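Containing TSV, C-alpha atoms: input22.tsv.
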chain	number	residue	atom	x	y	z
M	121	MET	CA	7.98	28.96	-7.44
M	122	ALA	CA	5.47	31.47	-8.73
M	123	ILE	CA	3.19	32.83	-6.01
M	124	THR	CA	0.63	35.33	-7.21
M	125	THR	CA	-2.30	37.09	-5.66
M	126	VAL	CA	-5.28	37.85	-7.85
M	127	THR	CA	-8.47	39.78	-7.23
M	128	GLU	CA	-11.71	38.12	-8.29
M	129	SER	CA	-15.35	38.87	-7.71
M	130	ALA	CA	-15.24	36.62	-4.65
M	131	GLY	CA	-12.21	38.43	-3.21
M	132	ARG	CA	-8.44	38.10	-3.21
M	133	GLN	CA	-6.89	34.68	-3.74
M	134	THR	CA	-3.35	33.30	-3.54
M	135	VAL	CA	-2.52	31.19	-6.60
M	136	LEU	CA	0.12	28.43	-6.35
M	137	PRO	CA	1.26	25.65	-8.70
M	138	GLY	CA	1.21	22.08	-7.46
M	139	ALA	CA	2.23	18.56	-8.44
M	140	ALA	CA	-0.57	16.03	-7.99
M	141	ALA	CA	-0.45	12.26	-7.59
M	142	ARG	CA	-1.98	10.41	-10.52
M	143	ILE	CA	-3.97	8.38	-8.01
M	144	VAL	CA	-6.20	11.44	-7.40
M	145	ARG	CA	-6.39	12.57	-11.01
M	146	ALA	CA	-10.08	11.84	-11.52
M	147	PRO	CA	-11.60	14.46	-9.16
M	148	LEU	CA	-8.98	17.06	-10.10
M	149	GLU	CA	-9.50	16.76	-13.85
M	150	GLY	CA	-13.26	16.28	-13.74
M	151	PRO	CA	-15.86	19.03	-13.61
M	152	THR	CA	-15.59	21.53	-10.77
M	153	ARG	CA	-17.61	20.28	-7.80
M	154	PRO	CA	-17.79	21.20	-4.12
M	155	ALA	CA	-15.32	19.60	-1.69
M	156	ARG	CA	-15.31	19.34	2.10
M	157	LEU	CA	-12.47	20.70	4.23
M	158	LEU	CA	-11.31	18.12	6.78
M	159	ALA	CA	-8.36	19.66	8.64
M	160	VAL	CA	-5.83	22.49	8.41
M	161	PHE	CA	-2.21	22.29	9.57
M	162	PRO	CA	0.85	24.46	8.83
M	163	ALA	CA	2.22	21.93	6.31
M	164	ALA	CA	-0.92	20.05	5.26
M	165	VAL	CA	-4.56	20.65	4.40
M	166	TYR	CA	-6.95	17.74	3.85
M	167	VAL	CA	-10.16	17.85	1.81
M	168	THR	CA	-12.68	15.30	0.58
M	169	ALA	CA	-13.77	15.64	-3.04
M	170	ALA	CA	-17.36	15.12	-4.13
M	171	ASP	CA	-16.62	11.54	-5.22
M	172	GLY	CA	-15.22	10.68	-1.77
M	173	THR	CA	-11.55	10.94	-2.74
M	174	VAL	CA	-9.44	12.44	0.06
M	175	LEU	CA	-6.83	14.93	-1.17
M	176	ALA	CA	-3.79	15.99	0.87
M	177	LEU	CA	-2.45	19.44	-0.01
M	178	LEU	CA	1.13	19.42	1.26
M	179	THR	CA	4.20	21.62	1.41
M	180	THR	CA	7.51	20.12	0.27
M	181	ASP	CA	8.66	19.44	3.82
M	182	ALA	CA	5.58	17.40	4.73
M	183	VAL	CA	5.48	13.61	4.46
M	184	ARG	CA	4.51	12.91	0.85
M	185	LEU	CA	1.34	10.85	1.07
M	186	PRO	CA	0.24	8.87	-2.01
M	187	ASN	CA	-2.87	11.07	-2.40
M	188	ALA	CA	-0.96	14.37	-2.26
M	189	VAL	CA	-1.00	17.59	-4.20
M	190	VAL	CA	2.45	19.00	-3.39
M	191	LEU	CA	3.21	22.71	-3.41
M	192	VAL	CA	6.65	23.76	-4.68
M	193	ALA	CA	7.45	25.45	-1.37
M	194	ASP	CA	8.01	24.55	2.26
M	195	ARG	CA	5.77	25.58	5.14
M	196	ASN	CA	7.70	28.82	5.66
M	197	ARG	CA	7.39	30.04	2.06
M	198	ALA	CA	3.79	28.91	1.63
M	199	PRO	CA	2.13	29.12	5.06
M	200	LEU	CA	-1.16	27.33	4.52
M	201	THR	CA	-2.74	28.56	7.74
M	202	ALA	CA	-2.40	32.16	6.51
M	203	VAL	CA	-4.83	31.61	3.62
M	204	VAL	CA	-6.86	28.55	4.68
M	205	HIS	CA	-8.97	28.41	7.83
M	206	ASP	CA	-11.31	25.90	9.45
M	207	GLY	CA	-14.78	26.25	7.99
M	208	ASP	CA	-13.61	27.54	4.57
M	209	THR	CA	-15.45	26.36	1.49
M	210	ALA	CA	-13.61	24.27	-1.09
M	211	ASP	CA	-14.02	22.82	-4.56
M	212	CYS	CA	-11.91	20.99	-7.11
M	213	GLY	CA	-12.02	20.21	-10.81
M	214	ALA	CA	-10.77	21.48	-14.16
M	215	GLY	CA	-7.20	21.09	-12.88
M	216	VAL	CA	-7.69	23.38	-9.88
M	217	LEU	CA	-8.07	22.82	-6.13
M	218	ARG	CA	-9.55	25.82	-4.34
M	219	ILE	CA	-9.73	26.10	-0.55
M	220	GLY	CA	-10.74	29.38	1.06
M	221	GLY	CA	-8.33	32.06	-0.15
M	222	LEU	CA	-5.99	29.57	-1.85
M	223	ARG	CA	-6.17	28.31	-5.42
M	224	VAL	CA	-3.78	25.55	-6.48
M	225	ARG	CA	-3.40	24.82	-10.18
M	226	VAL	CA	-2.02	21.38	-11.07
M	227	ALA	CA	1.14	21.93	-13.12
M	228	ARG	CA	2.31	18.33	-13.34
M	229	TRP	CA	1.55	14.77	-12.21
M	230	TRP	CA	3.65	12.25	-10.30
M	231	THR	CA	3.42	8.57	-9.41
M	232	PRO	CA	3.96	7.22	-5.87
M	233	PRO	CA	7.06	4.99	-5.63
M	234	ARG	CA	6.82	1.23	-5.39
M	235	PRO	CA	9.46	-0.95	-3.65
M	236	HIS	CA	11.41	-3.68	-5.42
M	237	PRO	CA	10.53	-7.19	-4.18
M	238	PRO	CA	13.08	-9.39	-2.36
M	239	HIS	CA	15.26	-11.54	-4.57
M	240	ASP	CA	14.36	-14.61	-2.52
M	241	ARG	CA	13.17	-15.77	0.90
M	242	THR	CA	16.69	-15.75	2.31
M	243	ALA	CA	17.07	-12.02	1.67
M	244	LEU	CA	13.67	-11.40	3.24
M	245	ARG	CA	14.50	-13.57	6.26
M	246	VAL	CA	17.72	-11.61	6.89
M	247	GLY	CA	15.98	-8.23	6.52
M	248	ALA	CA	13.09	-9.18	8.79
M	249	ALA	CA	15.49	-10.49	11.45
M	250	GLU	CA	17.43	-7.21	11.41
M	251	LEU	CA	14.27	-5.14	11.69
M	252	GLY	CA	13.02	-7.32	14.54
M	253	ALA	CA	16.31	-6.88	16.39
M	254	LEU	CA	16.01	-3.10	16.08
M	255	PHE	CA	12.52	-3.17	17.58
M	256	ARG	CA	13.70	-5.38	20.45
M	257	SER	CA	16.68	-3.19	21.33
M	258	THR	CA	16.46	-0.97	24.41
M	259	ALA	CA	16.82	2.16	22.25
M	260	GLY	CA	14.44	0.83	19.62
M	261	PRO	CA	11.24	2.37	18.25
M	262	ARG	CA	8.34	3.11	20.58
M	263	PRO	CA	5.11	2.50	18.64
M	264	GLY	CA	1.89	4.01	19.89
M	265	LEU	CA	-0.02	0.73	19.51
M	266	PRO	CA	-1.07	-0.46	23.00
M	267	ASP	CA	-0.19	-3.92	24.28
M	268	HIS	CA	-3.61	-5.40	23.54
M	269	GLY	CA	-3.29	-4.04	19.99
M	270	ARG	CA	0.03	-5.85	19.59
M	271	ALA	CA	-1.66	-9.09	20.58
M	272	VAL	CA	-4.28	-8.48	17.88
M	273	LEU	CA	-1.51	-7.74	15.35
M	274	THR	CA	0.10	-11.10	16.21
M	275	GLU	CA	-3.24	-12.80	15.58
M	276	LEU	CA	-3.64	-10.97	12.28
M	277	ALA	CA	-0.19	-12.06	11.09
M	278	ARG	CA	-0.86	-15.68	12.05
M	279	HIS	CA	-4.23	-15.79	10.30
M	280	ALA	CA	-2.86	-14.04	7.19
M	281	ALA	CA	0.03	-16.52	7.00
M	282	ARG	CA	-2.42	-19.43	7.11
M	283	ASP	CA	-4.85	-17.71	4.74
M	284	GLU	CA	-7.57	-17.93	7.38
M	285	ARG	CA	-9.59	-15.15	5.84
M	286	PRO	CA	-12.58	-14.58	8.16
M	287	ALA	CA	-10.29	-14.65	11.20
M	288	ALA	CA	-7.84	-12.24	9.53
M	289	ARG	CA	-10.68	-9.88	8.68
M	290	ALA	CA	-11.94	-9.95	12.28
M	291	ALA	CA	-8.46	-9.18	13.65
M	292	ALA	CA	-8.00	-6.31	11.19
M	293	ALA	CA	-11.37	-4.87	12.19
M	294	ARG	CA	-10.23	-4.76	15.83
M	295	LEU	CA	-7.22	-2.64	14.84
M	296	LEU	CA	-9.22	-0.11	12.80
M	297	GLY	CA	-9.41	3.27	14.52
M	298	LEU	CA	-7.46	2.05	17.55
M	299	GLY	CA	-5.82	5.05	19.20
M	300	PRO	CA	-6.20	8.84	18.94
M	301	GLY	CA	-5.19	11.24	16.18
M	302	LEU	CA	-5.85	11.86	12.52
M	303	THR	CA	-4.23	8.51	11.69
M	304	PRO	CA	-4.68	6.25	14.74
M	305	SER	CA	-1.92	3.78	15.66
M	306	GLY	CA	-4.02	0.76	14.72
M	307	ASP	CA	-4.51	2.15	11.22
M	308	ASP	CA	-0.82	2.98	10.77
M	309	VAL	CA	0.09	-0.57	11.79
M	310	LEU	CA	-2.48	-1.96	9.37
M	311	SER	CA	-1.11	0.21	6.56
M	312	GLY	CA	2.42	-1.06	7.11
M	313	PHE	CA	1.15	-4.64	7.32
M	314	LEU	CA	-0.82	-4.39	4.06
M	315	LEU	CA	2.09	-2.75	2.25
M	316	ALA	CA	4.45	-5.51	3.40
M	317	LEU	CA	2.06	-8.28	2.35
M	318	ARG	CA	1.72	-6.64	-1.02
M	319	HIS	CA	5.40	-6.07	-1.78
M	320	LEU	CA	7.49	-8.57	0.20
M	321	VAL	CA	6.42	-11.71	-1.63
M	322	PRO	CA	9.54	-13.01	-3.45
M	323	PRO	CA	9.32	-13.46	-7.22
M	324	ALA	CA	7.57	-16.57	-8.43
M	325	PRO	CA	9.87	-19.47	-9.39
M	326	ALA	CA	10.87	-19.71	-13.02
M	327	GLY	CA	8.15	-21.34	-15.03
M	328	ARG	CA	5.29	-19.74	-13.02
M	329	ALA	CA	5.52	-16.02	-13.71
M	330	GLY	CA	8.32	-15.88	-16.25
M	331	ARG	CA	10.73	-13.00	-16.60
M	332	ARG	CA	10.52	-9.52	-18.02
M	333	GLY	CA	13.72	-7.93	-19.26
M	334	GLY	CA	15.78	-10.63	-17.54
M	335	SER	CA	14.64	-9.60	-14.04
M	336	PRO	CA	12.40	-11.72	-11.81
M	337	ARG	CA	8.90	-10.36	-11.35
M	338	ALA	CA	7.14	-10.16	-8.03
M	339	ARG	CA	3.92	-12.08	-7.84
M	340	GLU	CA	1.09	-9.65	-8.40
M	341	PRO	CA	-1.87	-10.62	-6.18
M	342	ASP	CA	-5.11	-11.32	-8.00
M	343	GLU	CA	-8.68	-11.23	-6.79
M	344	ALA	CA	-8.49	-14.81	-5.48
M	345	ASP	CA	-5.34	-14.08	-3.50
M	346	GLY	CA	-5.56	-13.69	0.28
M	347	VAL	CA	-3.51	-10.47	0.14
M	348	THR	CA	-5.96	-8.74	-2.17
M	349	TRP	CA	-8.92	-10.24	-0.31
M	350	LEU	CA	-7.76	-8.83	3.02
M	351	GLY	CA	-6.92	-5.42	1.55
M	352	THR	CA	-10.34	-5.19	-0.06
M	353	ARG	CA	-12.08	-6.08	3.21
M	354	VAL	CA	-10.06	-3.55	5.22
M	355	THR	CA	-10.84	-0.85	2.65
M	356	ALA	CA	-14.55	-1.63	2.92
M	357	LEU	CA	-14.54	-1.75	6.73
M	358	ALA	CA	-12.56	1.45	7.36
M	359	PRO	CA	-15.13	4.18	6.55
M	360	GLY	CA	-17.06	5.00	9.72
M	361	ARG	CA	-14.60	3.13	11.95
M	362	THR	CA	-11.77	5.66	11.65
M	363	THR	CA	-11.07	9.14	10.24
M	364	ASP	CA	-11.66	9.94	6.57
M	365	LEU	CA	-7.94	10.52	5.97
M	366	SER	CA	-6.90	7.29	7.67
M	367	ALA	CA	-9.52	5.28	5.78
M	368	ALA	CA	-8.22	6.72	2.51
M	369	LEU	CA	-4.60	5.89	3.36
M	370	LEU	CA	-5.59	2.33	4.26
M	371	GLY	CA	-7.20	1.99	0.83
M	372	HIS	CA	-4.02	3.19	-0.84
M	373	ALA	CA	-1.91	0.80	1.26
M	374	ALA	CA	-4.17	-2.09	0.29
M	375	ARG	CA	-3.44	-1.28	-3.35
M	376	GLY	CA	0.30	-1.02	-2.68
M	377	ASP	CA	0.91	2.72	-2.23
M	378	GLY	CA	2.46	4.39	0.81
M	379	CYS	CA	4.72	7.25	1.82
M	380	PRO	CA	8.34	7.14	0.55
M	381	GLN	CA	9.73	6.39	4.03
M	382	ALA	CA	7.59	3.26	4.35
M	383	VAL	CA	8.53	2.19	0.83
M	384	GLU	CA	12.24	2.60	1.70
M	385	LEU	CA	11.87	0.39	4.78
M	386	ILE	CA	10.15	-2.32	2.76
M	387	GLU	CA	12.97	-2.18	0.21
M	388	ALA	CA	15.47	-2.47	3.06
M	389	VAL	CA	13.73	-5.51	4.52
M	390	ALA	CA	13.74	-6.97	1.00
M	391	GLY	CA	17.53	-6.67	0.97
M	392	HIS	CA	18.04	-3.68	-1.34
M	393	ARG	CA	19.33	-1.12	1.20
M	394	PRO	CA	20.46	-0.94	4.86
M	395	VAL	CA	17.64	-1.50	7.33
M	396	ALA	CA	18.70	0.79	10.22
M	397	PRO	CA	18.93	4.07	8.23
M	398	ALA	CA	15.63	3.33	6.48
M	399	LEU	CA	13.92	2.73	9.83
M	400	ALA	CA	15.42	5.95	11.23
M	401	ARG	CA	13.93	7.96	8.37
M	402	LEU	CA	10.53	6.34	8.91
M	403	LEU	CA	10.61	7.06	12.64
M	404	ALA	CA	10.73	10.79	11.82
M	405	VAL	CA	7.20	10.52	10.39
M	406	GLY	CA	4.64	11.91	12.83
M	407	HIS	CA	4.70	11.38	16.57
M	408	THR	CA	4.29	7.58	16.57
M	409	SER	CA	3.07	6.99	12.99
M	410	GLY	CA	6.52	6.00	11.72
M	411	ALA	CA	7.10	3.49	14.50
M	412	ASP	CA	3.61	2.03	14.01
M	413	LEU	CA	4.13	1.73	10.25
M	414	GLY	CA	7.44	-0.03	10.89
M	415	LEU	CA	5.81	-2.43	13.35
M	416	GLY	CA	3.23	-3.29	10.70
M	417	VAL	CA	5.95	-3.88	8.10
M	418	LEU	CA	7.72	-6.26	10.51
M	419	ALA	CA	4.51	-8.21	11.16
M	420	GLY	CA	3.78	-8.37	7.44
M	421	ALA	CA	7.28	-9.64	6.64
M	422	ARG	CA	6.94	-12.37	9.26
M	423	ALA	CA	3.54	-13.35	7.87
M	424	VAL	CA	5.02	-13.68	4.38
M	425	LEU	CA	7.88	-15.83	5.71
M	426	ALA	CA	5.44	-18.07	7.60
M	427	ARG	CA	3.50	-18.83	4.44
M	428	ARG	CA	4.37	-22.00	2.58
M	429	PRO	CA	6.48	-21.00	-0.44
M	430	PRO	CA	5.18	-22.04	-3.87
M	431	ARG	CA	6.73	-25.15	-5.29
M	432	ARG	CA	8.93	-24.95	-8.32
M	433	PRO	CA	7.22	-27.03	-10.99
M	434	ALA	CA	9.23	-30.03	-12.13
M	435	GLU	CA	10.56	-29.52	-15.61
M	436	LYS	CA	9.64	-32.27	-18.02
M	437	PRO	CA	12.62	-33.68	-19.92
M	438	GLU	CA	12.43	-33.28	-23.61
M	439	GLN	CA	11.23	-36.44	-25.30
M	440	PRO	CA	13.05	-37.64	-28.37
M	441	GLU	CA	11.02	-37.38	-31.51
M	442	GLN	CA	9.22	-40.66	-32.17
M	443	PRO	CA	8.77	-42.07	-35.64
M	444	GLU	CA	5.24	-42.02	-36.93
M	445	GLN	CA	3.28	-45.16	-36.12
M	446	PRO	CA	0.69	-46.65	-38.40
M	447	GLU	CA	-2.83	-45.73	-37.43
M	448	GLN	CA	-4.39	-48.27	-35.07
M	449	PRO	CA	-8.05	-49.18	-34.86
M	450	GLU	CA	-9.92	-47.49	-32.00
M	451	GLN	CA	-9.69	-49.42	-28.73
M	452	HIS	CA	-12.26	-49.28	-25.90
M	453	SER	CA	-10.83	-49.35	-22.39
M	454	VAL	CA	-12.26	-51.88	-19.98
M	455	ALA	CA	-10.81	-50.04	-16.95
M	456	GLU	CA	-13.24	-48.50	-14.51
M	457	PRO	CA	-13.75	-44.73	-14.87
M	458	THR	CA	-12.31	-42.45	-12.21
M	459	GLY	CA	-14.63	-41.59	-9.37
M	460	ARG	CA	-16.85	-43.93	-7.33
M	461	ARG	CA	-16.13	-47.59	-7.96
M	462	THR	CA	-18.94	-49.83	-9.14
M	463	PRO	CA	-20.11	-52.43	-6.59
Entire entry expressed as structure tokens:
Amino acid sequence: MAITTVTESAGRQTVLPGAAARIVRAPLEGPTRPARLLAVFPAAVYVTAADGTVLALLTTDAVRLPNAVVLVADRNRAPLTAVVHDGDTADCGAGVLRIGGLRVRVARWWTPPRPHPPHDRTALRVGAAELGALFRSTAGPRPGLPDHGRAVLTELARHAARDERPAARAAAARLLGLGPGLTPSGDDVLSGFLLALRHLVPPAPAGRAGRRGGSPRAREPDEADGVTWLGTRVTALAPGRTTDLSAALLGHAARGDGCPQAVELIEAVAGHRPVAPALARLLAVGHTSGADLGLGVLAGARAVLARRPPRRPAEKPEQPEQPEQPEQPEQHSVAEPTGRRTP
């Protein structure tokens, strides 16, 4: 990693290369505009760009958020708190993020990972049962979500499974901002729940979505789908009800993007990897954030399983080719038209 210090008219600056998520490409590649510093930690600095996009400047040993610009160094080699301080000015654009005495030039772009969907409902049922057993065990995860929040999460899962949209929106609103911290427990649970709803739907039966490259495709929610509807409503409700960073992460989760540890757990529940090791890696995220994300994934998986699976359309047998018939004169039906019967 190349770390340089340059002297400019405004003073000395540390210059570092970074790898930025394509999700936040617009404010970084656009014209240079002022940004607002949100918080400074040894491994992470958060800023809000002029267009409202929240950027997470992270060291390599921080949890890689989907809106991150990642430095090619850990917190010991690139101590952020040595060059960035609360109250510093910031700006971004033209491929550069500048915060206080630090200037980060985007050297490359990366795409947040997406989990593979379950092969079928049986695989999802097995994965969800294993995750549920881990949460019920005496040595299991200890989420930060309070008991009354868990009751709300149960309501949310039930309403989402039944596609009861206003009720699901109301339950989600009660979880927003619930708990202390930069990403409150209620928001972490919601993020896990939205990610699970988005990615744990088994592929559509043959004849509905088709196949690409011989592999089944997961059903991609559209605007009329309850999954997209709920994610859109949560994204709209979050600003002002929780922190700027948490609201941004909820928006990314609604669109299907989360940290790698959450993605791994979803893949495990889908049947593509062992559940227990994936949960253990997620539990290392934050103080209770990992456990809350996992609790949300479990609730989302159960909501997906409780939904009525789509029916496989009956295939019509091929009809033997009929010989051509001579043209018949037009006939007028005397049957009543469909709809209300005549008196």
For Asp211 (chain M), which of M:Ser257, M:Thr173, M:Thr152, M:Thr242 is the closest residue, counting only C-alpha atoms?
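Of M:Ser257, M:Thr173, M:Thr152, M:Thr242, the one nearest Asp211 (chain M), counting only C-alpha atoms, is M:Thr152.
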Please provide the set of residues having any atom within 12 Å of Asp171 (chain M), restricted to all atoms listed in the file, with same-chain residues fewer than 3 positions apart removed, written as a CSV table (one decimal) with C-alpha atoms, in the frame of the given file.
chain,number,residue,atom,x,y,z
M,144,VAL,CA,-6.2,11.4,-7.4
M,145,ARG,CA,-6.4,12.6,-11.0
M,146,ALA,CA,-10.1,11.8,-11.5
M,147,PRO,CA,-11.6,14.5,-9.2
M,148,LEU,CA,-9.0,17.1,-10.1
M,150,GLY,CA,-13.3,16.3,-13.7
M,151,PRO,CA,-15.9,19.0,-13.6
M,152,THR,CA,-15.6,21.5,-10.8
M,153,ARG,CA,-17.6,20.3,-7.8
M,154,PRO,CA,-17.8,21.2,-4.1
M,155,ALA,CA,-15.3,19.6,-1.7
M,156,ARG,CA,-15.3,19.3,2.1
M,167,VAL,CA,-10.2,17.8,1.8
M,168,THR,CA,-12.7,15.3,0.6
M,174,VAL,CA,-9.4,12.4,0.1
M,175,LEU,CA,-6.8,14.9,-1.2
M,211,ASP,CA,-14.0,22.8,-4.6
M,212,CYS,CA,-11.9,21.0,-7.1
M,213,GLY,CA,-12.0,20.2,-10.8
Counting all atoms listed in the file, write as number ranges by chain all protein and nucleic acid residues lying at most 10 Å from (-4.7, 4.8, 24.9) in the file's frame.
M: 264-267, 298-300, 305
Residues just named, written with C-alpha atoms as a short mmCIF file (atom, residue, chain, number, x, y, z; two decimals), keeping the file's coordinate frame:
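In the end it all went to again_19.cif:
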data_model
loop_
_atom_site.label_atom_id
_atom_site.label_comp_id
_atom_site.auth_asym_id
_atom_site.auth_seq_id
_atom_site.Cartn_x
_atom_site.Cartn_y
_atom_site.Cartn_z
CA GLY M 264 1.89 4.01 19.89
CA LEU M 265 -0.02 0.73 19.51
CA PRO M 266 -1.07 -0.46 23.00
CA ASP M 267 -0.19 -3.92 24.28
CA LEU M 298 -7.46 2.05 17.55
CA GLY M 299 -5.82 5.05 19.20
CA PRO M 300 -6.20 8.84 18.94
CA SER M 305 -1.92 3.78 15.66
#
Show which residues sit within 6 Å of region 374-388 of chain M, as a PDB file with C-alpha atoms, keeping the file's coordinate frame. Count all atoms listed in the file, and ignore same-chain residues fewer than 5 positions away.
ATOM      1  CA  ARG M 184       4.510  12.910   0.850  1.00  0.00           C
ATOM      2  CA  LEU M 185       1.340  10.850   1.070  1.00  0.00           C
ATOM      3  CA  PRO M 186       0.240   8.870  -2.010  1.00  0.00           C
ATOM      4  CA  PRO M 235       9.460  -0.950  -3.650  1.00  0.00           C
ATOM      5  CA  LEU M 314      -0.820  -4.390   4.060  1.00  0.00           C
ATOM      6  CA  LEU M 315       2.090  -2.750   2.250  1.00  0.00           C
ATOM      7  CA  GLY M 351      -6.920  -5.420   1.550  1.00  0.00           C
ATOM      8  CA  ARG M 393      19.330  -1.120   1.200  1.00  0.00           C
ATOM      9  CA  PRO M 394      20.460  -0.940   4.860  1.00  0.00           C
ATOM     10  CA  VAL M 395      17.640  -1.500   7.330  1.00  0.00           C
ATOM     11  CA  ALA M 398      15.630   3.330   6.480  1.00  0.00           C
ATOM     12  CA  LEU M 399      13.920   2.730   9.830  1.00  0.00           C
ATOM     13  CA  LEU M 402      10.530   6.340   8.910  1.00  0.00           C
TER      14      LEU M 402
END
Who sits within 6 Å of region 222-226 of chain M, all atoms listed in the file, same chain under 3 positions skipped, as an NGL selection string:
:M and (133-139 or 203 or 215-219)
Given the choices M:Arg195, M:Arg132, M:His372, M:Arg234, which gets closest to Thr180 (chain M) if the distance is worked out from all atoms listed in the file?
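Closest to Thr180 (chain M), using all atoms listed in the file: M:Arg195.
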I'd like the box whose edges run along x, y and z of the file and which contains every listed atom of region 401-420 of chain M, padded by 6 Å per side; could you state its centre and edge lengths in Å, one decimal, as AutoDock Vina command-line options?
--center_x 8.5 --center_y 1.8 --center_z 12.0 --size_x 22.9 --size_y 32.3 --size_z 21.1
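Of the residues listed (M:Glu275, M:Asp364, M:Asp308, M:Asp181), M:Asp181 shows the shortest atom-to-atom separation from Pro199 (chain M); distances use only C-alpha atoms.
Nearest residue to Ala426 (chain M), choosing from M:Ala411, M:Ala293, M:Ala280, M:Leu357 and counting all atoms listed in the file: M:Ala280.
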Which is closest to Gly406 (chain M) among M:Ala182, M:Val309, M:Leu158, M:Val272, if we use all atoms listed in the file?
M:Ala182
Contacts of region 415-418 of chain M at 7 Å or less, counting all atoms listed in the file, minus same-chain residues fewer than 6 places along, as a list in words?
Ala248, Leu251, Gly252, Val309, Leu310, Ser311, Gly312, Phe313, Ala316 and Ile386 of chain M
Could the residues in this selection be written to a file with C-alpha atoms, as a short mmCIF file (atom, residue, chain, number, x, y, z; two decimals), keeping the file's coordinate frame?
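Below you can see out.cif, which holds the result:
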data_model
loop_
_atom_site.label_atom_id
_atom_site.label_comp_id
_atom_site.auth_asym_id
_atom_site.auth_seq_id
_atom_site.Cartn_x
_atom_site.Cartn_y
_atom_site.Cartn_z
CA ALA M 248 13.09 -9.18 8.79
CA LEU M 251 14.27 -5.14 11.69
CA GLY M 252 13.02 -7.32 14.54
CA VAL M 309 0.09 -0.57 11.79
CA LEU M 310 -2.48 -1.96 9.37
CA SER M 311 -1.11 0.21 6.56
CA GLY M 312 2.42 -1.06 7.11
CA PHE M 313 1.15 -4.64 7.32
CA ALA M 316 4.45 -5.51 3.40
CA ILE M 386 10.15 -2.32 2.76
#
Counting all atoms listed in the file, the residue of M:Thr258, M:Thr209, M:Ser409, M:Thr303 that sits nearest Leu370 (chain M)
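Closest candidate: M:Thr303.
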Computed interatomic separation between CA of Ala373 (chain M) and CA of Leu200 (chain M) (Å)
26.7 Å
Excluding Arg282 (chain M) and any residue of its chain fewer than 5 positions from it, enumerate the residues within 12 Å of it, using only C-alpha atoms, and give them as a list in words.
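My list of contacting residues is Glu275, Leu276, Ala277, Ala287, Ala288, Gly346, Val347, Arg422, Ala423, Val424, Leu425, Ala426, Arg427, Arg428 and Pro429 of chain M.
Note that the spacing between CA of Ala281 (chain M) and CA of Ala243 (chain M) amounts to 18.4 Å.
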Can you measure CA of Thr362 (chain M) to CA of Pro304 (chain M) for me? One decimal in Å is fine.
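These two atoms are separated by 7.8 Å.
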